[in-house]
>>> print(open('my_file24.cif').read())   # mmCIF, N, CA and C atoms
data_data
#
loop_
_atom_site.label_atom_id
_atom_site.label_comp_id
_atom_site.auth_asym_id
_atom_site.auth_seq_id
_atom_site.Cartn_x
_atom_site.Cartn_y
_atom_site.Cartn_z
N MET A 658 24.20 -29.27 37.27
CA MET A 658 23.67 -30.44 36.61
C MET A 658 24.62 -30.90 35.52
N LYS A 659 24.81 -32.18 35.47
CA LYS A 659 25.74 -32.76 34.50
C LYS A 659 25.00 -33.03 33.18
N LYS A 660 25.61 -32.65 32.04
CA LYS A 660 24.99 -32.90 30.74
C LYS A 660 25.20 -34.34 30.35
N GLN A 661 24.12 -34.95 29.79
CA GLN A 661 24.23 -36.31 29.32
C GLN A 661 24.56 -36.29 27.84
N ALA A 662 25.19 -37.35 27.37
CA ALA A 662 25.48 -37.50 25.95
C ALA A 662 24.16 -37.77 25.22
N LEU A 663 24.03 -37.21 24.04
CA LEU A 663 22.81 -37.38 23.27
C LEU A 663 22.87 -38.69 22.50
N THR A 664 22.18 -39.68 23.00
CA THR A 664 22.10 -40.98 22.32
C THR A 664 20.64 -41.36 22.21
N LEU A 665 20.35 -42.41 21.47
CA LEU A 665 18.96 -42.83 21.31
C LEU A 665 18.31 -43.18 22.64
N GLY A 666 19.09 -43.68 23.57
CA GLY A 666 18.54 -44.06 24.87
C GLY A 666 18.23 -42.88 25.77
N THR A 667 18.80 -41.70 25.48
CA THR A 667 18.56 -40.54 26.33
C THR A 667 17.59 -39.53 25.72
N LEU A 668 17.09 -39.81 24.52
CA LEU A 668 16.16 -38.89 23.87
C LEU A 668 14.85 -38.81 24.63
N ARG A 669 14.31 -37.64 24.78
CA ARG A 669 13.02 -37.42 25.43
C ARG A 669 12.13 -36.60 24.48
N PRO A 670 10.84 -36.81 24.51
CA PRO A 670 9.97 -36.03 23.62
C PRO A 670 9.96 -34.55 24.02
N ILE A 671 9.78 -33.68 23.03
CA ILE A 671 9.74 -32.25 23.28
C ILE A 671 8.43 -31.88 23.98
N THR A 672 7.32 -32.51 23.52
CA THR A 672 6.01 -32.22 24.12
C THR A 672 5.76 -33.14 25.30
N LYS A 673 4.85 -32.71 26.17
CA LYS A 673 4.52 -33.54 27.31
C LYS A 673 3.54 -34.63 26.87
N ASN A 674 3.80 -35.83 27.27
CA ASN A 674 2.89 -36.92 26.95
C ASN A 674 1.88 -37.06 28.07
N LYS A 675 0.83 -36.26 28.00
CA LYS A 675 -0.19 -36.28 29.03
C LYS A 675 -1.26 -37.29 28.63
N LYS A 676 -1.60 -38.16 29.56
CA LYS A 676 -2.58 -39.19 29.25
C LYS A 676 -3.97 -38.54 29.17
N PRO A 677 -4.81 -39.02 28.23
CA PRO A 677 -6.15 -38.45 28.11
C PRO A 677 -7.02 -38.85 29.30
N LYS A 678 -8.07 -38.05 29.54
CA LYS A 678 -9.00 -38.36 30.63
C LYS A 678 -9.69 -39.68 30.32
N ARG A 679 -9.80 -40.55 31.34
CA ARG A 679 -10.55 -41.79 31.16
C ARG A 679 -11.93 -41.57 31.75
N ARG A 680 -12.88 -41.41 30.87
CA ARG A 680 -14.23 -41.13 31.32
C ARG A 680 -15.05 -42.42 31.37
N GLY A 681 -16.07 -42.39 32.19
CA GLY A 681 -16.98 -43.53 32.24
C GLY A 681 -16.36 -44.76 32.89
N ARG A 682 -15.46 -44.56 33.85
CA ARG A 682 -14.81 -45.69 34.51
C ARG A 682 -15.05 -45.67 36.02
N GLY A 683 -16.14 -45.05 36.42
CA GLY A 683 -16.54 -45.10 37.82
C GLY A 683 -15.87 -44.06 38.70
N ASP A 684 -16.08 -44.23 40.02
CA ASP A 684 -15.59 -43.26 41.01
C ASP A 684 -14.08 -43.16 41.04
N ALA A 685 -13.38 -44.26 40.77
CA ALA A 685 -11.92 -44.28 40.88
C ALA A 685 -11.23 -43.52 39.76
N SER A 686 -11.99 -43.08 38.75
CA SER A 686 -11.36 -42.39 37.63
C SER A 686 -10.95 -40.97 37.98
N GLY A 687 -11.42 -40.45 39.12
CA GLY A 687 -11.05 -39.10 39.52
C GLY A 687 -12.04 -38.06 39.04
N HIS A 688 -13.14 -38.51 38.45
CA HIS A 688 -14.15 -37.56 37.96
C HIS A 688 -15.45 -37.70 38.72
N GLY A 689 -15.41 -38.33 39.87
CA GLY A 689 -16.58 -38.41 40.73
C GLY A 689 -17.67 -39.31 40.20
N GLY A 690 -17.36 -40.17 39.27
CA GLY A 690 -18.35 -41.09 38.71
C GLY A 690 -19.36 -40.42 37.80
N THR A 691 -19.09 -39.17 37.40
CA THR A 691 -20.04 -38.46 36.54
C THR A 691 -19.52 -38.28 35.12
N SER A 692 -18.35 -38.82 34.82
CA SER A 692 -17.76 -38.70 33.48
C SER A 692 -17.64 -37.26 33.04
N THR A 693 -17.32 -36.35 33.95
CA THR A 693 -17.11 -34.92 33.72
C THR A 693 -18.38 -34.19 33.27
N ARG A 694 -19.55 -34.81 33.46
CA ARG A 694 -20.79 -34.16 33.04
C ARG A 694 -21.50 -33.45 34.18
N GLY A 695 -21.00 -33.53 35.39
CA GLY A 695 -21.68 -32.91 36.51
C GLY A 695 -22.79 -33.82 37.02
N HIS A 696 -23.53 -33.35 38.01
CA HIS A 696 -24.57 -34.17 38.63
C HIS A 696 -25.94 -33.80 38.10
N LYS A 697 -26.67 -34.80 37.64
CA LYS A 697 -28.06 -34.70 37.19
C LYS A 697 -28.26 -33.63 36.11
N GLY A 698 -29.48 -33.33 35.81
CA GLY A 698 -29.79 -32.30 34.82
C GLY A 698 -29.79 -32.85 33.41
N GLN A 699 -30.35 -32.05 32.49
CA GLN A 699 -30.51 -32.50 31.10
C GLN A 699 -29.18 -32.82 30.43
N LYS A 700 -28.17 -32.02 30.68
CA LYS A 700 -26.89 -32.23 30.01
C LYS A 700 -26.12 -33.44 30.55
N ALA A 701 -26.54 -33.95 31.69
CA ALA A 701 -25.88 -35.13 32.25
C ALA A 701 -26.44 -36.41 31.65
N ARG A 702 -27.63 -36.35 31.05
CA ARG A 702 -28.29 -37.54 30.51
C ARG A 702 -27.77 -37.87 29.11
N SER A 703 -27.96 -39.12 28.71
CA SER A 703 -27.59 -39.48 27.34
C SER A 703 -28.64 -38.87 26.41
N GLY A 704 -28.21 -38.32 25.29
CA GLY A 704 -29.13 -37.65 24.36
C GLY A 704 -29.71 -36.39 24.94
N GLY A 705 -29.03 -35.80 25.94
CA GLY A 705 -29.60 -34.67 26.66
C GLY A 705 -29.24 -33.32 26.08
N PHE A 706 -29.06 -33.23 24.78
CA PHE A 706 -28.79 -31.93 24.17
C PHE A 706 -29.92 -31.58 23.22
N HIS A 707 -30.11 -30.32 22.95
CA HIS A 707 -31.21 -29.89 22.11
C HIS A 707 -30.68 -29.01 20.99
N LYS A 708 -31.53 -28.75 20.02
CA LYS A 708 -31.09 -27.99 18.84
C LYS A 708 -30.81 -26.52 19.17
N ARG A 709 -30.08 -25.86 18.28
CA ARG A 709 -29.76 -24.45 18.45
C ARG A 709 -31.03 -23.62 18.56
N GLY A 710 -30.99 -22.62 19.38
CA GLY A 710 -32.14 -21.73 19.53
C GLY A 710 -33.17 -22.22 20.54
N PHE A 711 -33.00 -23.44 21.08
CA PHE A 711 -33.93 -23.95 22.08
C PHE A 711 -33.69 -23.22 23.39
N GLU A 712 -34.77 -22.73 24.00
CA GLU A 712 -34.64 -21.92 25.21
C GLU A 712 -35.39 -22.54 26.38
N GLY A 713 -35.35 -23.85 26.48
CA GLY A 713 -35.94 -24.53 27.62
C GLY A 713 -37.44 -24.42 27.68
N GLY A 714 -38.10 -24.37 26.55
CA GLY A 714 -39.55 -24.30 26.53
C GLY A 714 -40.09 -22.88 26.44
N GLN A 715 -39.25 -21.89 26.73
CA GLN A 715 -39.65 -20.49 26.54
C GLN A 715 -39.79 -20.24 25.04
N MET A 716 -40.64 -19.31 24.66
CA MET A 716 -40.82 -19.00 23.24
C MET A 716 -39.49 -18.47 22.69
N PRO A 717 -38.90 -19.15 21.71
CA PRO A 717 -37.58 -18.76 21.22
C PRO A 717 -37.56 -17.36 20.61
N LEU A 718 -36.41 -16.72 20.69
CA LEU A 718 -36.23 -15.36 20.19
C LEU A 718 -36.63 -15.26 18.72
N ILE A 719 -36.25 -16.24 17.92
CA ILE A 719 -36.53 -16.18 16.49
C ILE A 719 -38.04 -16.17 16.21
N ARG A 720 -38.83 -16.73 17.13
CA ARG A 720 -40.28 -16.73 16.95
C ARG A 720 -40.95 -15.53 17.60
N ARG A 721 -40.23 -14.85 18.50
CA ARG A 721 -40.80 -13.67 19.17
C ARG A 721 -40.67 -12.41 18.32
N ILE A 722 -39.66 -12.35 17.48
CA ILE A 722 -39.39 -11.16 16.69
C ILE A 722 -40.34 -11.10 15.48
N PRO A 723 -40.93 -9.93 15.18
CA PRO A 723 -41.84 -9.86 14.04
C PRO A 723 -41.10 -10.03 12.72
N LYS A 724 -41.75 -10.67 11.79
CA LYS A 724 -41.16 -10.90 10.46
C LYS A 724 -41.61 -9.78 9.52
N ARG A 725 -40.70 -9.35 8.65
CA ARG A 725 -41.04 -8.27 7.71
C ARG A 725 -40.55 -8.61 6.32
N GLY A 726 -41.30 -8.18 5.32
CA GLY A 726 -40.87 -8.30 3.94
C GLY A 726 -40.93 -9.73 3.42
N PHE A 727 -40.45 -9.91 2.21
CA PHE A 727 -40.41 -11.23 1.60
C PHE A 727 -39.30 -11.24 0.56
N THR A 728 -38.95 -12.42 0.07
CA THR A 728 -37.93 -12.56 -0.97
C THR A 728 -38.63 -12.95 -2.26
N ASN A 729 -38.48 -12.13 -3.27
CA ASN A 729 -39.09 -12.41 -4.56
C ASN A 729 -38.25 -13.46 -5.28
N ILE A 730 -38.82 -14.66 -5.46
CA ILE A 730 -38.05 -15.73 -6.09
C ILE A 730 -37.98 -15.58 -7.61
N PHE A 731 -38.75 -14.65 -8.16
CA PHE A 731 -38.75 -14.43 -9.60
C PHE A 731 -37.90 -13.22 -10.00
N LYS A 732 -37.15 -12.64 -9.04
CA LYS A 732 -36.37 -11.44 -9.30
C LYS A 732 -35.28 -11.72 -10.33
N LYS A 733 -35.10 -10.80 -11.26
CA LYS A 733 -34.03 -10.91 -12.25
C LYS A 733 -32.86 -10.03 -11.82
N GLU A 734 -31.68 -10.56 -11.90
CA GLU A 734 -30.46 -9.81 -11.57
C GLU A 734 -30.06 -9.02 -12.82
N VAL A 735 -30.07 -7.70 -12.72
CA VAL A 735 -29.77 -6.85 -13.87
C VAL A 735 -28.42 -6.17 -13.65
N GLY A 736 -27.50 -6.38 -14.60
CA GLY A 736 -26.20 -5.72 -14.55
C GLY A 736 -26.28 -4.35 -15.20
N VAL A 737 -25.69 -3.34 -14.56
CA VAL A 737 -25.79 -1.96 -15.05
C VAL A 737 -24.43 -1.48 -15.55
N VAL A 738 -24.43 -0.88 -16.76
CA VAL A 738 -23.21 -0.33 -17.36
C VAL A 738 -23.51 1.08 -17.86
N ASN A 739 -22.61 2.02 -17.59
CA ASN A 739 -22.77 3.39 -18.07
C ASN A 739 -22.09 3.57 -19.42
N LEU A 740 -22.50 4.59 -20.15
CA LEU A 740 -21.93 4.86 -21.48
C LEU A 740 -20.44 5.14 -21.44
N GLU A 741 -19.95 5.70 -20.31
CA GLU A 741 -18.53 6.02 -20.21
C GLU A 741 -17.65 4.78 -20.37
N LYS A 742 -18.14 3.61 -19.94
CA LYS A 742 -17.39 2.37 -20.12
C LYS A 742 -17.43 1.92 -21.58
N LEU A 743 -18.56 2.14 -22.24
CA LEU A 743 -18.70 1.74 -23.64
C LEU A 743 -17.87 2.61 -24.57
N SER A 744 -17.53 3.83 -24.14
CA SER A 744 -16.76 4.75 -25.00
C SER A 744 -15.36 4.21 -25.29
N GLY A 745 -14.86 3.28 -24.47
CA GLY A 745 -13.53 2.71 -24.70
C GLY A 745 -13.52 1.60 -25.73
N LEU A 746 -14.70 1.15 -26.16
CA LEU A 746 -14.77 0.06 -27.14
C LEU A 746 -14.50 0.58 -28.56
N PRO A 747 -13.98 -0.28 -29.44
CA PRO A 747 -13.75 0.16 -30.83
C PRO A 747 -15.06 0.44 -31.57
N LYS A 748 -14.96 1.19 -32.67
CA LYS A 748 -16.12 1.59 -33.47
C LYS A 748 -16.84 0.36 -34.02
N GLY A 749 -18.18 0.36 -33.92
CA GLY A 749 -18.99 -0.72 -34.49
C GLY A 749 -19.06 -2.00 -33.65
N THR A 750 -18.57 -1.97 -32.44
CA THR A 750 -18.61 -3.16 -31.57
C THR A 750 -20.04 -3.50 -31.20
N GLU A 751 -20.33 -4.81 -31.14
CA GLU A 751 -21.65 -5.29 -30.75
C GLU A 751 -21.65 -5.49 -29.23
N VAL A 752 -22.44 -4.72 -28.52
CA VAL A 752 -22.50 -4.78 -27.05
C VAL A 752 -23.62 -5.71 -26.62
N THR A 753 -23.26 -6.78 -25.91
CA THR A 753 -24.23 -7.76 -25.40
C THR A 753 -23.93 -8.03 -23.93
N LEU A 754 -24.79 -8.83 -23.31
CA LEU A 754 -24.59 -9.22 -21.92
C LEU A 754 -23.30 -10.03 -21.78
N ASN A 755 -23.04 -10.91 -22.74
CA ASN A 755 -21.82 -11.74 -22.69
C ASN A 755 -20.56 -10.89 -22.76
N LEU A 756 -20.55 -9.84 -23.58
CA LEU A 756 -19.39 -8.95 -23.67
C LEU A 756 -19.16 -8.25 -22.33
N ALA A 757 -20.25 -7.80 -21.70
CA ALA A 757 -20.14 -7.10 -20.41
C ALA A 757 -19.61 -8.04 -19.33
N LYS A 758 -20.00 -9.32 -19.39
CA LYS A 758 -19.49 -10.30 -18.43
C LYS A 758 -18.01 -10.57 -18.66
N GLU A 759 -17.60 -10.70 -19.92
CA GLU A 759 -16.19 -10.93 -20.26
C GLU A 759 -15.30 -9.78 -19.80
N LYS A 760 -15.78 -8.56 -19.96
CA LYS A 760 -15.02 -7.38 -19.56
C LYS A 760 -15.00 -7.19 -18.04
N GLY A 761 -15.93 -7.88 -17.34
CA GLY A 761 -16.00 -7.75 -15.88
C GLY A 761 -16.81 -6.55 -15.44
N TRP A 762 -17.63 -6.00 -16.31
CA TRP A 762 -18.45 -4.84 -15.97
C TRP A 762 -19.64 -5.24 -15.11
N VAL A 763 -20.16 -6.46 -15.33
CA VAL A 763 -21.29 -6.97 -14.55
C VAL A 763 -20.91 -8.33 -13.98
N SER A 764 -21.64 -8.76 -12.96
CA SER A 764 -21.33 -10.06 -12.34
C SER A 764 -21.84 -11.19 -13.24
N ASN A 765 -21.30 -12.38 -13.03
CA ASN A 765 -21.71 -13.53 -13.82
C ASN A 765 -23.12 -13.99 -13.48
N LYS A 766 -23.68 -13.49 -12.36
CA LYS A 766 -25.05 -13.84 -11.98
C LYS A 766 -26.08 -13.05 -12.79
N SER A 767 -25.64 -11.98 -13.43
CA SER A 767 -26.56 -11.09 -14.15
C SER A 767 -27.29 -11.83 -15.25
N GLU A 768 -28.62 -11.61 -15.31
CA GLU A 768 -29.45 -12.24 -16.33
C GLU A 768 -29.82 -11.25 -17.43
N ALA A 769 -29.61 -9.97 -17.20
CA ALA A 769 -29.93 -8.94 -18.18
C ALA A 769 -28.93 -7.80 -18.04
N LEU A 770 -28.84 -7.00 -19.11
CA LEU A 770 -27.92 -5.87 -19.13
C LEU A 770 -28.73 -4.59 -19.32
N LYS A 771 -28.41 -3.55 -18.54
CA LYS A 771 -29.05 -2.26 -18.73
C LYS A 771 -27.98 -1.21 -18.92
N ILE A 772 -28.16 -0.37 -19.93
CA ILE A 772 -27.19 0.68 -20.23
C ILE A 772 -27.79 2.01 -19.81
N LEU A 773 -27.01 2.74 -18.98
CA LEU A 773 -27.44 4.05 -18.49
C LEU A 773 -26.66 5.16 -19.18
N GLY A 774 -27.17 6.38 -19.10
CA GLY A 774 -26.64 7.48 -19.90
C GLY A 774 -25.53 8.32 -19.31
N GLU A 775 -24.83 7.85 -18.31
CA GLU A 775 -23.72 8.61 -17.71
C GLU A 775 -22.52 8.56 -18.64
N GLY A 776 -22.02 9.70 -19.08
CA GLY A 776 -20.86 9.76 -19.96
C GLY A 776 -21.26 10.08 -21.40
N GLN A 777 -20.26 10.16 -22.28
CA GLN A 777 -20.49 10.49 -23.69
C GLN A 777 -20.03 9.34 -24.58
N LEU A 778 -20.65 9.25 -25.76
CA LEU A 778 -20.29 8.24 -26.75
C LEU A 778 -19.90 8.97 -28.03
N LYS A 779 -18.69 8.72 -28.55
CA LYS A 779 -18.19 9.48 -29.69
C LYS A 779 -18.29 8.72 -31.01
N HIS A 780 -18.44 7.39 -30.95
CA HIS A 780 -18.53 6.60 -32.18
C HIS A 780 -19.69 5.61 -32.08
N PRO A 781 -20.20 5.14 -33.25
CA PRO A 781 -21.38 4.27 -33.23
C PRO A 781 -21.08 2.87 -32.69
N LEU A 782 -22.04 2.35 -31.91
CA LEU A 782 -21.97 0.98 -31.39
C LEU A 782 -23.31 0.30 -31.64
N THR A 783 -23.30 -1.03 -31.71
CA THR A 783 -24.53 -1.80 -31.87
C THR A 783 -24.87 -2.44 -30.53
N ILE A 784 -26.02 -2.10 -30.00
CA ILE A 784 -26.47 -2.63 -28.72
C ILE A 784 -27.49 -3.72 -29.00
N LYS A 785 -27.22 -4.95 -28.51
CA LYS A 785 -28.15 -6.07 -28.76
C LYS A 785 -28.61 -6.69 -27.46
N GLY A 786 -29.93 -6.87 -27.34
CA GLY A 786 -30.52 -7.58 -26.21
C GLY A 786 -30.30 -6.94 -24.87
N ALA A 787 -30.25 -5.61 -24.82
CA ALA A 787 -30.03 -4.92 -23.55
C ALA A 787 -31.14 -3.91 -23.31
N LEU A 788 -31.41 -3.63 -22.06
CA LEU A 788 -32.34 -2.57 -21.70
C LEU A 788 -31.56 -1.26 -21.76
N VAL A 789 -32.19 -0.19 -22.25
CA VAL A 789 -31.49 1.09 -22.43
C VAL A 789 -32.34 2.21 -21.86
N SER A 790 -31.73 3.09 -21.05
CA SER A 790 -32.47 4.23 -20.51
C SER A 790 -32.71 5.25 -21.61
N LYS A 791 -33.65 6.18 -21.38
CA LYS A 791 -33.99 7.19 -22.39
C LYS A 791 -32.78 8.05 -22.73
N GLN A 792 -32.07 8.48 -21.69
CA GLN A 792 -30.90 9.35 -21.90
C GLN A 792 -29.83 8.61 -22.71
N ALA A 793 -29.59 7.35 -22.37
CA ALA A 793 -28.59 6.56 -23.09
C ALA A 793 -29.02 6.35 -24.54
N LYS A 794 -30.31 6.11 -24.76
CA LYS A 794 -30.83 5.87 -26.11
C LYS A 794 -30.58 7.07 -27.02
N THR A 795 -30.86 8.28 -26.49
CA THR A 795 -30.64 9.48 -27.31
C THR A 795 -29.16 9.67 -27.62
N LYS A 796 -28.28 9.39 -26.66
CA LYS A 796 -26.84 9.56 -26.88
C LYS A 796 -26.29 8.54 -27.86
N ILE A 797 -26.78 7.29 -27.78
CA ILE A 797 -26.31 6.23 -28.71
C ILE A 797 -26.76 6.54 -30.13
N GLU A 798 -28.02 6.94 -30.27
CA GLU A 798 -28.54 7.26 -31.60
C GLU A 798 -27.91 8.54 -32.17
N ALA A 799 -27.55 9.48 -31.31
CA ALA A 799 -26.88 10.71 -31.76
C ALA A 799 -25.48 10.40 -32.28
N ALA A 800 -24.85 9.36 -31.70
CA ALA A 800 -23.50 8.97 -32.15
C ALA A 800 -23.57 8.07 -33.39
N GLY A 801 -24.78 7.71 -33.81
CA GLY A 801 -24.94 6.88 -35.03
C GLY A 801 -25.07 5.39 -34.73
N GLY A 802 -25.25 5.03 -33.49
CA GLY A 802 -25.38 3.62 -33.11
C GLY A 802 -26.79 3.11 -33.25
N THR A 803 -26.93 1.77 -33.17
CA THR A 803 -28.25 1.15 -33.26
C THR A 803 -28.53 0.33 -32.03
N ILE A 804 -29.85 0.22 -31.69
CA ILE A 804 -30.26 -0.54 -30.53
C ILE A 804 -31.27 -1.58 -30.96
N THR A 805 -30.99 -2.85 -30.63
CA THR A 805 -31.91 -3.95 -30.91
C THR A 805 -32.26 -4.62 -29.59
N THR A 806 -33.54 -4.55 -29.19
CA THR A 806 -33.96 -5.18 -27.95
C THR A 806 -34.68 -6.47 -28.28
N LEU A 807 -34.68 -7.40 -27.32
CA LEU A 807 -35.34 -8.69 -27.55
C LEU A 807 -36.83 -8.59 -27.31
#
>>> encode(input="my_file24.cif", output="structure tokens")
Amino acid sequence: MKKQALTLGTLRPITKNKKPKRRGRGDASGHGGTSTRGHKGQKARSGGFHKRGFEGGQMPLIRRIPKRGFTNIFKKEVGVVNLEKLSGLPKGTEVTLNLAKEKGWVSNKSEALKILGEGQLKHPLTIKGALVSKQAKTKIEAAGGTITTL
């Protein structure tokens, strides 16, 4: 085969220029006059599709399966922090929900803070507006800290 010179007149596209299917143009279109929808049936009709989960009139799976439990819409998201994390804070720091969010100890969705007693506390801290377990309360007070609940 002889190579042609590369000029504007000899350029060819890299991709194939395939013409799109011409639907809805009768028998001569090559699709049997059905516009690629097949013969008869619900899917061949205009507007002949149904919503997800429809099973042709049979009782749908989602309605056959028993339902269990419920979602409490009044649930409060409580962020939990152990004393071992608080031990890294400087002496006399005021521990609040906002501080725990800033440090990344609890998620930003948390509506309340609870402090648990895992770990030791060596210096006094001020706990404000947080729930505190019994074990954590004794350890905080033993270290000289104070707890103020709302």
>>> atom_distance(input="my_file24.cif", atom1="atom N of Gly690 (chain A)", atom2="atom N of Pro677 (chain A)")
16.8 Å
>>> select_by_dssp(input="my_file24.cif", residues="region 675-790 of chain A", states="alpha helix (DSSP H)", output="JSON, numbers by chain")
{"A": [718, 719, 720, 721, 740, 741, 742, 743, 754, 755, 756, 757, 758, 759, 760]}
>>> write_last_selection(input="my_file24.cif", atoms="N, CA and C atoms", output="compact mmCIF listing (two decimals), in the coordinates of the input")
# COMPACT_ATOMS: atom_id res chain seq x y z
N LEU A 718 -36.41 -16.72 20.69
CA LEU A 718 -36.23 -15.36 20.19
C LEU A 718 -36.63 -15.26 18.72
N ILE A 719 -36.25 -16.24 17.92
CA ILE A 719 -36.53 -16.18 16.49
C ILE A 719 -38.04 -16.17 16.21
N ARG A 720 -38.83 -16.73 17.13
CA ARG A 720 -40.28 -16.73 16.95
C ARG A 720 -40.95 -15.53 17.60
N ARG A 721 -40.23 -14.85 18.50
CA ARG A 721 -40.80 -13.67 19.17
C ARG A 721 -40.67 -12.41 18.32
N LEU A 740 -22.50 4.59 -20.15
CA LEU A 740 -21.93 4.86 -21.48
C LEU A 740 -20.44 5.14 -21.44
N GLU A 741 -19.95 5.70 -20.31
CA GLU A 741 -18.53 6.02 -20.21
C GLU A 741 -17.65 4.78 -20.37
N LYS A 742 -18.14 3.61 -19.94
CA LYS A 742 -17.39 2.37 -20.12
C LYS A 742 -17.43 1.92 -21.58
N LEU A 743 -18.56 2.14 -22.24
CA LEU A 743 -18.70 1.74 -23.64
C LEU A 743 -17.87 2.61 -24.57
N LEU A 754 -24.79 -8.83 -23.31
CA LEU A 754 -24.59 -9.22 -21.92
C LEU A 754 -23.30 -10.03 -21.78
N ASN A 755 -23.04 -10.91 -22.74
CA ASN A 755 -21.82 -11.74 -22.69
C ASN A 755 -20.56 -10.89 -22.76
N LEU A 756 -20.55 -9.84 -23.58
CA LEU A 756 -19.39 -8.95 -23.67
C LEU A 756 -19.16 -8.25 -22.33
N ALA A 757 -20.25 -7.80 -21.70
CA ALA A 757 -20.14 -7.10 -20.41
C ALA A 757 -19.61 -8.04 -19.33
N LYS A 758 -20.00 -9.32 -19.39
CA LYS A 758 -19.49 -10.30 -18.43
C LYS A 758 -18.01 -10.57 -18.66
N GLU A 759 -17.60 -10.70 -19.92
CA GLU A 759 -16.19 -10.93 -20.26
C GLU A 759 -15.30 -9.78 -19.80
N LYS A 760 -15.78 -8.56 -19.96
CA LYS A 760 -15.02 -7.38 -19.56
C LYS A 760 -15.00 -7.19 -18.04
>>> residues_around(input="my_file24.cif", residues="Lys760 (chain A)", least_positions_apart="5", cutoff="12 Å", atoms="only C-alpha atoms", output="PDB file with N, CA and C atoms, in the coordinates of the input")
ATOM      1  N   VAL A 738     -24.430  -0.880 -16.760  1.00  0.00           N
ATOM      2  CA  VAL A 738     -23.210  -0.330 -17.360  1.00  0.00           C
ATOM      3  C   VAL A 738     -23.510   1.080 -17.860  1.00  0.00           C
ATOM      4  N   LYS A 742     -18.140   3.610 -19.940  1.00  0.00           N
ATOM      5  CA  LYS A 742     -17.390   2.370 -20.120  1.00  0.00           C
ATOM      6  C   LYS A 742     -17.430   1.920 -21.580  1.00  0.00           C
ATOM      7  N   LEU A 743     -18.560   2.140 -22.240  1.00  0.00           N
ATOM      8  CA  LEU A 743     -18.700   1.740 -23.640  1.00  0.00           C
ATOM      9  C   LEU A 743     -17.870   2.610 -24.570  1.00  0.00           C
ATOM     10  N   GLY A 745     -14.860   3.280 -24.470  1.00  0.00           N
ATOM     11  CA  GLY A 745     -13.530   2.710 -24.700  1.00  0.00           C
ATOM     12  C   GLY A 745     -13.520   1.600 -25.730  1.00  0.00           C
ATOM     13  N   LEU A 746     -14.700   1.150 -26.160  1.00  0.00           N
ATOM     14  CA  LEU A 746     -14.770   0.060 -27.140  1.00  0.00           C
ATOM     15  C   LEU A 746     -14.500   0.580 -28.560  1.00  0.00           C
ATOM     16  N   VAL A 752     -22.440  -4.720 -28.520  1.00  0.00           N
ATOM     17  CA  VAL A 752     -22.500  -4.780 -27.050  1.00  0.00           C
ATOM     18  C   VAL A 752     -23.620  -5.710 -26.620  1.00  0.00           C
ATOM     19  N   THR A 753     -23.260  -6.780 -25.910  1.00  0.00           N
ATOM     20  CA  THR A 753     -24.230  -7.760 -25.400  1.00  0.00           C
ATOM     21  C   THR A 753     -23.930  -8.030 -23.930  1.00  0.00           C
ATOM     22  N   LEU A 754     -24.790  -8.830 -23.310  1.00  0.00           N
ATOM     23  CA  LEU A 754     -24.590  -9.220 -21.920  1.00  0.00           C
ATOM     24  C   LEU A 754     -23.300 -10.030 -21.780  1.00  0.00           C
ATOM     25  N   ASN A 755     -23.040 -10.910 -22.740  1.00  0.00           N
ATOM     26  CA  ASN A 755     -21.820 -11.740 -22.690  1.00  0.00           C
ATOM     27  C   ASN A 755     -20.560 -10.890 -22.760  1.00  0.00           C
ATOM     28  N   ASN A 765     -21.300 -12.380 -13.030  1.00  0.00           N
ATOM     29  CA  ASN A 765     -21.710 -13.530 -13.820  1.00  0.00           C
ATOM     30  C   ASN A 765     -23.120 -13.990 -13.480  1.00  0.00           C
TER      31      ASN A 765
END
>>> residues_near_point(input="my_file24.cif", point="(-28.6, 5.7, -17.3)", cutoff="9 Å", atoms="only C-alpha atoms", output="PyMOL selection string")
chain A and resi 737-740+771-775+789-793
>>> select_by_dssp(input="my_file24.cif", residues="region 670-800 of chain A", states="strand (DSSP E)", output="list in words")
Val735, Gly736, Val737, Val738, Asn739, Glu751, Val752, Ala769, Leu770, Lys771, Ile772, Leu773, Thr783, Ile784, Lys785, Leu788 and Val789 of chain A
>>> atom_distance(input="my_file24.cif", atom1="atom N of Thr783 (chain A)", atom2="atom N of Ile804 (chain A)")
6.7 Å
>>> atom_distance(input="my_file24.cif", atom1="CA of Asn729 (chain A)", atom2="atom C of Leu788 (chain A)")
21.8 Å
